[in-house]
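Q: Have a look at this one before I ask anything.
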Amino acid sequence: MSYPSISIIIPTYRREQILKDTLEDVLKQDYPHFEILVVDQTESHDPTIQSYLESLANTNKIKWFRVSWASLPAARNYGVRRSQGDIIIFIDDDVQLPANYLYTHLKIYQEKSEIGAVAGRVLDRMKLADSEKINNSQDPYTIEILPPEAMDPGIAWYYIDLVHTIKPQEVISTRGCNMSFRREVFTKYNIWFDERFRGNAVREESDFCLRLRQTGYKIWYEPDAYLVHLGEETGGCHDISTRSFSYQITFYHNHFLMALKNLTFSEQLRLYTKLFDCHVLGNPPCNKGGSPIKVLVRLLFYSLGFIDAMKTMILSQWNDGQIYSKNDINNPHLQANHSLESVS
């Protein structure tokens with residue numbers, strides 16, 4: 001049987017042992033033809049991890065690229081441009097994978113030609129031993145079919161559950177720590193991650209998927225393509241503190257930017273209303289503290305985030321924000337310290 005090649009792209013930022021553990025899991029995959037690309041945005045590593053990464057690169061087990069900036073969307077774009085696989089899989093740098101992980105993504109592309117992306121299941125903050133329970137019908141949180149609201153671009157983000165859903169089905173978006181795409185999404189349709197999504201980069205994958213769906217390709221949720229997301233509190237794409245002023249404004253900026261770029265006016269209103277109800281007022285599913293002071297502070301962030309997103313859209317008339325990619329494309333000498341090819 002012929003197996004398409006797979007590129008696994010792992011953006012990483014200020015991660016040490018957990019990055020090593022993630023790579024060990026990936027290296028255990030028995031798929032016949034895959035490469036691992038690590039786009040490393042860490043300024044300097046612990047000596048032990050530095051030696052480990054150098055060893056993997058020097059023995060052609062990974063392609064290790066070191067960059068001088070921190071942007072999750074830009075790191076993904078950077079990795080795609082240096083990848084060779086027919087299928088491109090993105091995972092985070094703090095995950096654990098089952099042994100057949102790559103096969104579970106690939107089989108969807110082989111079976112369904114209309115599928116352009118696969119959304120894998122994400123088991124948050126669970127130990128691997130708990131993954132045996134993922135199809136436990138006694139689980140009170142189990143979902144079989146997502147509600148119709150989960151396909152409504154205005155409010156889907158509060159109804160699409162890629163954690164507890166147990167049946168394969170079409171979905172509106174992937175989740176960034178476990179997603180894959182046909183290569184031609186990038187090369188034929190010229191869809192790339194928008195580098196204007198910053199901070200924790202929330203909604204950048206949603207923005208990407210909304211644009212992907214305009215090509216006619218569908219996005220398929222496959223619960224068998226699961227991984228365990230450890231959700232480390234530091235590093236990853238958290239280039240600013242989650243409690244900081246900048247983080248909070250950026251969180252809302254990214255939501256509003258996705259809406260302004262992709263949604264109709266009525267869809268935008270539904271999103272803004274739900275965003276306000278959940279994240280400002282603190283109603284379910286956010287369940288935040290409802291004291292008047294906290295609500296007023298969150299309202300301030302909400303308002304500033306909207307203004308910031310409007311500013312981004314206005315500036316977009318002259319600058320599309322793909323600064324990292326443009327610098328990379330226009331500078332052929334901008335190469336990583338280690339760009340050795342690796343195919344398991």
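Scheme for the structure tokens: letters A, B, ... for chains in order shown; per-chain residue numbers from 1; ligand numbers from 1 in order shown.
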Please list as a list of chain:residue names every residue within 12 Å of Ser316 (chain A), counting only C-alpha atoms and excluding residues in the same chain fewer than 2 positions away.

A: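 Result of the neighbour search: A:Asp194, A:Glu195, A:Arg196, A:Leu257, A:Leu260, A:Lys261, A:Ala309, A:Met310, A:Lys311, A:Thr312, A:Met313, A:Ile314, A:Trp318, A:Asn319, A:Asp320, A:Gly321, A:Gln322, A:Ile323.
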
Q: From region 185-290 of chain A, collect each residue whose DSSP state is alpha helix (DSSP H) and return the set as a ChimeraX atom specification.

A: /A:185-187,204-213,245-262,265-275

Q: May I have the selected residues written with C-alpha atoms, as a PDB file, in the first residue's frame?

A:
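Contents of the output file again12.pdb:
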```
ATOM      1  CA  VAL A 185      -4.504  24.126   0.961  1.00  0.00           C
ATOM      2  CA  PHE A 186      -1.303  26.155   1.190  1.00  0.00           C
ATOM      3  CA  THR A 187       0.254  25.635  -2.228  1.00  0.00           C
ATOM      4  CA  GLU A 204      -6.010  32.009  14.486  1.00  0.00           C
ATOM      5  CA  GLU A 205      -6.914  28.438  13.546  1.00  0.00           C
ATOM      6  CA  SER A 206     -10.596  29.420  13.371  1.00  0.00           C
ATOM      7  CA  ASP A 207      -9.742  32.224  10.950  1.00  0.00           C
ATOM      8  CA  PHE A 208      -7.689  29.783   8.846  1.00  0.00           C
ATOM      9  CA  CYS A 209     -10.483  27.203   8.748  1.00  0.00           C
ATOM     10  CA  LEU A 210     -13.176  29.711   7.783  1.00  0.00           C
ATOM     11  CA  ARG A 211     -11.052  30.684   4.790  1.00  0.00           C
ATOM     12  CA  LEU A 212     -10.312  27.034   3.983  1.00  0.00           C
ATOM     13  CA  ARG A 213     -14.026  26.222   3.835  1.00  0.00           C
ATOM     14  CA  PHE A 245      -3.011  43.965  30.450  1.00  0.00           C
ATOM     15  CA  SER A 246      -1.582  43.141  27.005  1.00  0.00           C
ATOM     16  CA  TYR A 247      -2.802  39.537  27.094  1.00  0.00           C
ATOM     17  CA  GLN A 248      -6.372  40.509  27.926  1.00  0.00           C
ATOM     18  CA  ILE A 249      -6.627  43.096  25.157  1.00  0.00           C
ATOM     19  CA  THR A 250      -5.025  40.690  22.681  1.00  0.00           C
ATOM     20  CA  PHE A 251      -7.531  37.973  23.592  1.00  0.00           C
ATOM     21  CA  TYR A 252     -10.432  40.194  22.527  1.00  0.00           C
ATOM     22  CA  HIS A 253      -8.502  41.659  19.591  1.00  0.00           C
ATOM     23  CA  ASN A 254      -8.106  38.196  18.091  1.00  0.00           C
ATOM     24  CA  HIS A 255     -11.803  37.365  18.447  1.00  0.00           C
ATOM     25  CA  PHE A 256     -12.870  40.628  16.853  1.00  0.00           C
ATOM     26  CA  LEU A 257     -10.258  40.306  14.100  1.00  0.00           C
ATOM     27  CA  MET A 258     -11.560  36.867  13.132  1.00  0.00           C
ATOM     28  CA  ALA A 259     -15.097  38.259  13.007  1.00  0.00           C
ATOM     29  CA  LEU A 260     -14.268  41.393  11.038  1.00  0.00           C
ATOM     30  CA  LYS A 261     -12.358  39.362   8.453  1.00  0.00           C
ATOM     31  CA  ASN A 262     -14.752  36.472   7.930  1.00  0.00           C
ATOM     32  CA  PHE A 265     -22.751  41.640   9.897  1.00  0.00           C
ATOM     33  CA  SER A 266     -25.424  39.468  11.546  1.00  0.00           C
ATOM     34  CA  GLU A 267     -22.867  36.769  12.370  1.00  0.00           C
ATOM     35  CA  GLN A 268     -20.612  39.408  13.878  1.00  0.00           C
ATOM     36  CA  LEU A 269     -23.406  40.676  16.102  1.00  0.00           C
ATOM     37  CA  ARG A 270     -24.096  37.166  17.367  1.00  0.00           C
ATOM     38  CA  LEU A 271     -20.415  36.655  18.157  1.00  0.00           C
ATOM     39  CA  TYR A 272     -20.044  40.022  19.895  1.00  0.00           C
ATOM     40  CA  THR A 273     -23.146  39.337  21.974  1.00  0.00           C
ATOM     41  CA  LYS A 274     -21.969  35.894  23.003  1.00  0.00           C
ATOM     42  CA  LEU A 275     -18.447  37.158  23.675  1.00  0.00           C
TER      43      LEU A 275
END
```

Q: Hey, which of A:Leu315, A:Ile191, A:Leu37, A:Leu146 ends up closest to Tyr78 (chain A)? Count only C-alpha atoms.

A: A:Leu37

Q: Mind checking which residues fall within 10 Å of Ile145 (chain A), counting only C-alpha atoms, ignoring those fewer than 6 positions away in the same chain, and posting them as a list in words?

A: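 These residues fall inside the cut-off: Asp161, Thr165, Ile166, Lys167, Pro168, Gln169 and Glu170 of chain A.
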
Q: Using only C-alpha atoms, find the one residue out of A:Leu23, A:Leu56, A:Ile329, A:Ile8 that sits nearest to Phe90 (chain A).

A: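 Selected residue with least distance to Phe90 (chain A): A:Ile8.
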
Q: Can you tell me, as a list in words, what residues are no more than 6 Å from region 223-233 of chain A when counting only C-alpha atoms, ignoring any on the same chain fewer than 3 positions away?

A: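 Selected residues are Asp94, Val95, Gln96, Leu97, Tyr101, Thr104, His105, Gly120, Arg121, Val122, Leu123, Asp124, Arg125 and Ile166 of chain A.
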
Q: May I have the residues from that selection written out with all heavy atoms, as a compact mmCIF listing (two decimals), in the first residue's frame?

A:
```
# COMPACT_ATOMS: atom_id res chain seq x y z
N ASP A 94 3.54 20.37 23.90
CA ASP A 94 3.27 19.79 25.22
C ASP A 94 2.14 18.77 25.12
O ASP A 94 1.11 18.87 25.76
CB ASP A 94 2.91 20.89 26.23
CG ASP A 94 1.69 21.70 25.81
OD1 ASP A 94 1.34 21.67 24.61
OD2 ASP A 94 1.08 22.37 26.67
N VAL A 95 2.36 17.77 24.25
CA VAL A 95 1.32 16.76 24.01
C VAL A 95 1.90 15.36 24.16
O VAL A 95 3.11 15.15 24.13
CB VAL A 95 0.70 16.91 22.61
CG1 VAL A 95 0.05 18.28 22.44
CG2 VAL A 95 1.73 16.68 21.51
N GLN A 96 0.98 14.40 24.29
CA GLN A 96 1.33 12.98 24.30
C GLN A 96 0.50 12.28 23.23
O GLN A 96 -0.71 12.52 23.12
CB GLN A 96 1.07 12.38 25.68
CG GLN A 96 1.95 12.98 26.77
CD GLN A 96 1.57 12.48 28.15
OE1 GLN A 96 0.39 12.38 28.48
NE2 GLN A 96 2.55 12.18 28.97
N LEU A 97 1.13 11.41 22.46
CA LEU A 97 0.47 10.79 21.31
C LEU A 97 0.33 9.29 21.47
O LEU A 97 1.24 8.62 21.97
CB LEU A 97 1.29 11.04 20.03
CG LEU A 97 1.71 12.47 19.70
CD1 LEU A 97 2.56 12.48 18.44
CD2 LEU A 97 0.50 13.36 19.54
N TYR A 101 -1.13 7.39 15.97
CA TYR A 101 -1.65 8.75 15.77
C TYR A 101 -1.62 9.17 14.30
O TYR A 101 -2.60 9.70 13.78
CB TYR A 101 -0.84 9.72 16.62
CG TYR A 101 -1.18 11.18 16.41
CD1 TYR A 101 -2.34 11.72 16.95
CD2 TYR A 101 -0.35 12.00 15.66
CE1 TYR A 101 -2.66 13.06 16.75
CE2 TYR A 101 -0.66 13.34 15.45
CZ TYR A 101 -1.82 13.86 16.00
OH TYR A 101 -2.13 15.18 15.80
N THR A 104 -4.29 7.58 12.02
CA THR A 104 -5.67 8.02 12.24
C THR A 104 -5.97 9.31 11.49
O THR A 104 -7.10 9.53 11.05
CB THR A 104 -5.96 8.21 13.74
OG1 THR A 104 -5.03 9.15 14.30
CG2 THR A 104 -5.85 6.89 14.48
N HIS A 105 -4.97 10.17 11.34
CA HIS A 105 -5.17 11.36 10.53
C HIS A 105 -5.21 11.00 9.04
O HIS A 105 -6.08 11.45 8.30
CB HIS A 105 -4.04 12.37 10.77
CG HIS A 105 -4.32 13.34 11.89
ND1 HIS A 105 -4.90 14.56 11.68
CD2 HIS A 105 -4.10 13.24 13.22
CE1 HIS A 105 -5.03 15.19 12.83
NE2 HIS A 105 -4.55 14.41 13.78
N GLY A 120 -8.47 16.68 15.08
CA GLY A 120 -8.33 15.56 16.00
C GLY A 120 -8.93 15.87 17.35
O GLY A 120 -9.15 17.04 17.71
N ARG A 121 -9.22 14.83 18.09
CA ARG A 121 -9.76 15.00 19.44
C ARG A 121 -8.65 15.42 20.40
O ARG A 121 -7.50 14.99 20.27
CB ARG A 121 -10.39 13.69 19.92
CG ARG A 121 -11.19 13.83 21.22
CD ARG A 121 -11.85 12.53 21.60
NE ARG A 121 -12.69 12.70 22.77
CZ ARG A 121 -13.36 11.72 23.37
NH1 ARG A 121 -13.29 10.49 22.88
NH2 ARG A 121 -14.10 11.95 24.43
N VAL A 122 -9.00 16.27 21.34
CA VAL A 122 -8.03 16.78 22.31
C VAL A 122 -8.48 16.42 23.71
O VAL A 122 -9.54 16.85 24.17
CB VAL A 122 -7.89 18.32 22.18
CG1 VAL A 122 -6.89 18.84 23.22
CG2 VAL A 122 -7.46 18.71 20.78
N LEU A 123 -7.67 15.62 24.39
CA LEU A 123 -7.95 15.27 25.78
C LEU A 123 -7.13 16.20 26.66
O LEU A 123 -5.92 16.03 26.78
CB LEU A 123 -7.60 13.80 26.04
CG LEU A 123 -8.29 12.80 25.10
CD1 LEU A 123 -7.86 11.38 25.43
CD2 LEU A 123 -9.80 12.93 25.19
N ASP A 124 -7.77 17.18 27.24
CA ASP A 124 -7.06 18.20 27.99
C ASP A 124 -6.68 17.74 29.39
O ASP A 124 -7.49 17.20 30.12
CB ASP A 124 -7.93 19.46 28.12
CG ASP A 124 -7.94 20.26 26.84
OD1 ASP A 124 -6.86 20.61 26.39
OD2 ASP A 124 -9.04 20.51 26.31
N ARG A 125 -5.42 17.99 29.72
CA ARG A 125 -4.90 17.78 31.08
C ARG A 125 -5.29 16.42 31.64
O ARG A 125 -5.67 16.27 32.78
CB ARG A 125 -5.41 18.88 32.02
CG ARG A 125 -4.84 20.26 31.69
CD ARG A 125 -5.22 21.26 32.77
NE ARG A 125 -4.59 22.54 32.53
CZ ARG A 125 -5.11 23.51 31.79
NH1 ARG A 125 -6.27 23.34 31.22
NH2 ARG A 125 -4.48 24.65 31.63
N ILE A 166 -17.68 12.07 20.61
CA ILE A 166 -17.15 10.73 20.37
C ILE A 166 -17.43 10.19 18.97
O ILE A 166 -16.91 9.13 18.61
CB ILE A 166 -17.69 9.73 21.41
CG1 ILE A 166 -19.22 9.61 21.29
CG2 ILE A 166 -17.27 10.13 22.81
CD1 ILE A 166 -19.81 8.50 22.16
```

Q: What is the CA of Asn77 (chain A)-CA of Arg182 (chain A) distance in Å, reported with one decimal?

A: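 CA of Arg182 (chain A) lies 14.1 Å from CA of Asn77 (chain A).
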
Q: State, in Å with one decimal place, the distance from CA of Val67 (chain A) to CA of Gln41 (chain A).

A: 5.3 Å

Q: Smallest atom-to-atom distance to Met151 (chain A): which of A:Ile88, A:Thr48, A:Ile219, A:Lys188, using only C-alpha atoms?

A: A:Ile219

Q: At what distance in Å, to one decimal, does CA of Ile160 (chain A) lie from CA of Glu111 (chain A)?

A: 23.6 Å

Q: Could you tell me, as a list in words, which residues of region 206-327 of chain A DSSP assigns to strand (DSSP E) when given the backbone?

A: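 Result set for region 206-327 of chain A (strand (DSSP E)): Lys218, Ile219, Trp220, Tyr221, Glu222, Pro223, Asp224, Ala225, Tyr226, Leu227, Val228 and His229 of chain A.
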
Q: Can I get the selected residues back with N, CA and C atoms, as a short mmCIF file (atom, residue, chain, number, x, y, z; two decimals), in the first residue's frame?

A:
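The result, stored in again_6.cif:
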```
data_model
loop_
_atom_site.label_atom_id
_atom_site.label_comp_id
_atom_site.auth_asym_id
_atom_site.auth_seq_id
_atom_site.Cartn_x
_atom_site.Cartn_y
_atom_site.Cartn_z
N LYS A 218 -14.04 20.41 3.00
CA LYS A 218 -14.71 20.26 4.30
C LYS A 218 -13.67 19.92 5.38
N ILE A 219 -14.08 20.12 6.61
CA ILE A 219 -13.23 19.81 7.76
C ILE A 219 -13.90 18.67 8.52
N TRP A 220 -13.14 17.62 8.79
CA TRP A 220 -13.71 16.42 9.39
C TRP A 220 -13.13 16.20 10.79
N TYR A 221 -14.02 15.97 11.73
CA TYR A 221 -13.59 15.63 13.09
C TYR A 221 -13.44 14.13 13.23
N GLU A 222 -12.26 13.69 13.66
CA GLU A 222 -11.99 12.27 13.83
C GLU A 222 -11.56 12.01 15.28
N PRO A 223 -12.45 11.47 16.11
CA PRO A 223 -12.10 11.23 17.52
C PRO A 223 -10.98 10.23 17.72
N ASP A 224 -10.79 9.31 16.75
CA ASP A 224 -9.69 8.36 16.89
C ASP A 224 -8.32 9.03 16.76
N ALA A 225 -8.30 10.20 16.13
CA ALA A 225 -7.04 10.94 15.97
C ALA A 225 -6.84 11.83 17.20
N TYR A 226 -6.77 11.21 18.35
CA TYR A 226 -6.70 11.98 19.59
C TYR A 226 -5.27 12.11 20.08
N LEU A 227 -5.08 13.09 20.91
CA LEU A 227 -3.84 13.24 21.66
C LEU A 227 -4.18 13.81 23.04
N VAL A 228 -3.21 13.79 23.92
CA VAL A 228 -3.38 14.36 25.25
C VAL A 228 -2.65 15.69 25.29
N HIS A 229 -3.39 16.75 25.52
CA HIS A 229 -2.79 18.08 25.61
C HIS A 229 -2.58 18.43 27.08
#
```

Q: Between A:Lys61, A:Arg14, A:Arg183, A:Lys20, which one has atoms that come closest to Glu35 (chain A), using only C-alpha atoms?

A: A:Lys61

Q: Of the candidates A:Ile172, A:Leu72, A:Ile293, A:Leu281, which one gets nearest to Arg198 (chain A) if we count only C-alpha atoms?

A: A:Leu72
